[in-house]
Each structure stands twice: as structure tokens, then as C-alpha cells.
Amino acid sequence: MSPTRIPQPEDFESLKPQLTVSLHYPSPPESTTSILLLFHGLGDSDTPFLSFARNLSLPGVLAISVRGIAPLPPSLLGLPLDSGPTNNFHWGDDLKLDGRTGEIDMDPGYEKVWELVMGKLIGEVLMAKCGWELGDILLFGFGQGGGVALGLGSKVRTWEGVGEDEAKVREVKEGEEVKEGVVGERKEKEKAFKGIVSIGGALPPSMIPSISAREKAKTPVLILHGSKSEYVGEDEVDLIKREFENVKVVEWKRPDDGMPRSREEVLPMMEFFAERLKSGWP
């Protein structure tokens with residue numbers, strides 16, 4: 001693990017072309033003490049969420065807005081098939097339709113996201129190359145991106161961490177033997193992020209570890225959703241509470257899950273960020 005230093009734009013070049021990120025530094029950049037990863041919703045891109053991070057202007061926080069791993073096909077957007085790649089992205093391994101609703105399945109599998117975001121962006125760049133720890137990193141996501149953030153926080157429970165020479169990421173299956181010396185043992189504090197905020201996003205069951213005797217995930221979580229949320233209902237909240245130790249849920253008065261529009265909707269999020277940034281780990 002390298003000594004901790006502020007990530008520079010060139011540090012992320014190794015992620016291309018599989019993963020694209022946009023950066024917003026605090027002022028001055030040398031004041032960076034935490035990192036915020038942002039995951040946009042289905043059909044969006046990293047650019048609007050970088051503007052959102054800029055408007056948040058969290059003190060001492062380097063914001064990294066991550067672009068979805070694949071563009072939506074033109075046909076889903078009502079565009080001609082020959083119109084070329086779109087600027088509307090998603091996070092899944094594939095695009096699947098829910099047989100019950102006919103809508104896009106919100107859990108199409110997220111192995112590629114796990115490998116690229118956890119393995120490359122977090123494991124190789126932020127941790128191995130720049131010396132940061134999981135406890136320095138906040139996650140924010142909207143819609144499908146909120147599900148990705150929750151999924152990373154869930155699955156990291158079984159992450160083997162960063163080895164001495166390279167970042168190694170894999171889920172520890174039940175009963176699997178781990179060879180000595182392959183990966184150093186993680187300290188307890190390295191098994192969780194600094195915090196997760198999810199707006200209108202549900203935890204994907206495919207990102208829940210398969211170990212039957214698993215402990216609850218340690219990352220503190222804030223769930224924000226509309227009173228008639230399309231994807232976050234009682235069952236989804238119950239699942240999140242079964243898998244995470246510390247969960248706060250705020251239901252807005254308005255029905256939909258859009259981004260916060262009023263002081264009343266923004267306040268719980270800002271209070272959560274303030275608490276997580278001033279506190280020790282986690």
C-alpha cells in the first residue's frame with residue numbers, strides 16, 4: 001500500500017476505456033481528507049452528477065462521478081437503430097426486462113461493476129496506488145446507481161482487500177479455503193465504507209454475499225425515497241435493514257424519487273454527510 005496522497009487525473013487513465021470518471025476537487029485540493037463516489041441513475045451520465053457534487057461543495061471531499069459501464073441501446077430511447085452510441089448509460093451486466101412488469105430489470109447482475117469499481121477504481125487506484133482506505137470513501141447513488149452503492153457496501157463484507165503487489169478482488173465463498181500469503185488479512189475497520197446515501201435505490205439481491213452465517217454490513221446507510229417510490233417499498237427497506245447494521249430511512253412527502261428539490265428533502269442528506277465527515281471510522 002502506498003503512502004496516502006491526493007489522487008491526480010492521470011491516476012485514473014488506467015481505467016479507460018472500461019470506466020470513465022469525472023473529478024471535482026475541494027478548494028484547495030490539498031484539503032482533501034475524504035472521497036465521494038457518485039453513481040448516476042439508469043439512462044443518465046456522470047456529467048450531471050459532477051455538477052451535483054460541485055453544488056454540494058462538501059468540505060475536504062474529492063468527488064468522483066462515475067459513468068455507467070455501458071450505453072443504453074438507441075431503441076430504448078426511441079432513436080433510430082443506426083444513430084450510434086448514446087450518452088445514456090446503465091450499470092448492469094446486461095439489459096433484462098422484468099417478466100412481471102415489462103420494465104427494465106433493476107437487478108440484471110453487477111459482476112462487471114464489482115470488478116471495475118471495486119477492483120480497479122477503489123482497489124487499484126484509490127487504495128493500492130494512492131493509499132486511501134475504505135473508511136475514507138463515501139458512496140452516493142440515485143436509482144440504479146443507488147442500488148450499485150448499496151450493493152458495493154453489502155458485498156465488501158467478503159472482500160479480501162488489496163494485496164501487497166496488486167489489488168485482488170473476489171468474494172469469499174462459503175467453505176472456500178484462503179491460501180496464506182495471497183492477501184493480507186483485513187483489519188476490522190477496512191470492511192466498510194465511510195457511508196452510503198441512496199435515493200430511490202434498492203439493494204440488488206445478486207450483490208448479497210452467499211455466506212449463510214454472514215454478519216451485517218458495517219457501512220452506515222441513509223435511504224431517501226418518495227412516498228410512492230417505484231423501487232423502494234417496505235420489502236426493499238426490510239431487506240436493506242437485514243443486511244446493514246446501521247440504516248436510517250427518510251420518506252419524502254412527494255411521491256416520486258427524484259433528486260432533492262427542497263430544504264426539507266436535502267437536510268437529512270446534509271446532516272448524514274456532516275456526521276460521517278466529522279466522525280471517526282466508521
# chains A, B, ... in the order shown; residues from 1 in each chain; ligands from 1
>>> residues_around(residues="A:Leu56", least_positions_apart="6", cutoff="12 Å", atoms="only C-alpha atoms", output="PyMOL selection string")
chain A and resi 24-26+36+49-50+62-63+140+260+266-267+269-270+273-274
>>> residues_around(residues="A:Ser229", least_positions_apart="4", cutoff="7 Å", atoms="only C-alpha atoms", output="list of chain:residue names")
A:Gly200, A:His225, A:Gly233, A:Pro255, A:Asp256, A:Asp257
>>> select_by_dssp(residues="stretch 12-240 of chain A", states="strand (DSSP E or B)", output="number ranges by chain")
A: 21-24, 34-39, 44, 61-66, 70-71, 89-90, 97, 104, 137-142, 159, 162, 167, 171, 195-199, 217, 221-225
>>> residues_around(residues="stretch 203-216 of chain A", least_positions_apart="4", cutoff="6 Å", atoms="only C-alpha atoms", output="compact mmCIF listing (two decimals) with N, CA and C atoms, in the first residue's frame")
# COMPACT_ATOMS: atom_id res chain seq x y z
N ASP A 107 -32.11 -5.62 -11.32
CA ASP A 107 -31.03 -6.49 -10.84
C ASP A 107 -30.62 -7.46 -11.95
N GLY A 147 -28.69 1.51 -6.06
CA GLY A 147 -28.58 0.07 -5.86
C GLY A 147 -27.14 -0.40 -5.95
N LEU A 150 -25.38 0.55 -2.67
CA LEU A 150 -25.76 -0.39 -1.61
C LEU A 150 -25.13 -1.76 -1.84
N GLY A 151 -25.11 -2.19 -3.10
CA GLY A 151 -24.52 -3.49 -3.42
C GLY A 151 -23.04 -3.55 -3.08
N SER A 154 -22.70 -3.85 0.59
CA SER A 154 -23.07 -5.19 1.05
C SER A 154 -21.98 -6.21 0.76
N LYS A 155 -21.51 -6.20 -0.47
CA LYS A 155 -20.58 -7.24 -0.92
C LYS A 155 -19.17 -7.06 -0.37
N GLU A 174 -18.64 -19.63 0.76
CA GLU A 174 -18.76 -20.43 1.99
C GLU A 174 -17.95 -21.71 1.86
N GLU A 243 -29.54 -6.60 6.03
CA GLU A 243 -28.16 -6.76 5.57
C GLU A 243 -27.21 -5.70 6.12
N PHE A 244 -27.73 -4.56 6.58
CA PHE A 244 -26.88 -3.49 7.10
C PHE A 244 -27.19 -3.24 8.57
N GLU A 245 -26.17 -2.94 9.33
CA GLU A 245 -26.30 -2.76 10.77
C GLU A 245 -26.91 -1.41 11.15
>>> residues_around(residues="A:Leu76", least_positions_apart="6", cutoff="12 Å", atoms="only C-alpha atoms", output="number ranges by chain")
A: 42-43, 85-86, 88-90, 95-97, 103-104
>>> write_last_selection(atoms="C-alpha atoms", output="PDB file, in the first residue's frame")
ATOM      1  CA  LEU A  42     -30.443   4.458 -15.256  1.00  0.00           C
ATOM      2  CA  GLY A  43     -30.091   6.324 -18.542  1.00  0.00           C
ATOM      3  CA  PRO A  85     -23.811   5.104 -29.196  1.00  0.00           C
ATOM      4  CA  THR A  86     -25.971   7.125 -26.819  1.00  0.00           C
ATOM      5  CA  ASN A  88     -27.314   7.438 -21.600  1.00  0.00           C
ATOM      6  CA  PHE A  89     -25.702   4.714 -19.507  1.00  0.00           C
ATOM      7  CA  HIS A  90     -26.585   1.822 -17.222  1.00  0.00           C
ATOM      8  CA  LEU A  95     -30.295  -5.304 -20.011  1.00  0.00           C
ATOM      9  CA  LYS A  96     -33.193  -7.515 -18.986  1.00  0.00           C
ATOM     10  CA  LEU A  97     -36.933  -6.953 -18.842  1.00  0.00           C
ATOM     11  CA  GLU A 103     -39.924  -2.714 -17.244  1.00  0.00           C
ATOM     12  CA  ILE A 104     -36.123  -2.951 -17.178  1.00  0.00           C
TER      13      ILE A 104
END
>>> closest_residue(among="A:Ser51, A:Ser34, A:Ser75, A:Ser227", to="A:Phe193", atoms="only C-alpha atoms")
A:Ser34
>>> residues_around(residues="A:Trp132", least_positions_apart="3", cutoff="6 Å", atoms="only C-alpha atoms", output="list in words")
Thr4, Leu126 and Met127 of chain A
>>> atom_distance(atom1="atom CA of A:Glu111", atom2="atom CA of A:Ser83")
28.5 Å
>>> residues_around(residues="A:Leu23", least_positions_apart="6", cutoff="12 Å", atoms="only C-alpha atoms", output="list in words")
Ile6, Pro7, Gln8, Pro9, Glu10, Asp11, Phe12, Pro29, Ile35, Leu36, Leu37, Leu38, Asp46, Thr47, Phe49, Leu50, Ser51, Phe52, Ala53, Arg54, Val61, Leu62, Ala63, Ile64, Ser65, Val66 and Arg67 of chain A
>>> atom_distance(atom1="atom CA of A:Met259", atom2="atom CA of A:Phe142")
7.7 Å
>>> atom_distance(atom1="atom CA of A:Leu19", atom2="atom CA of A:Ile137")
18.2 Å
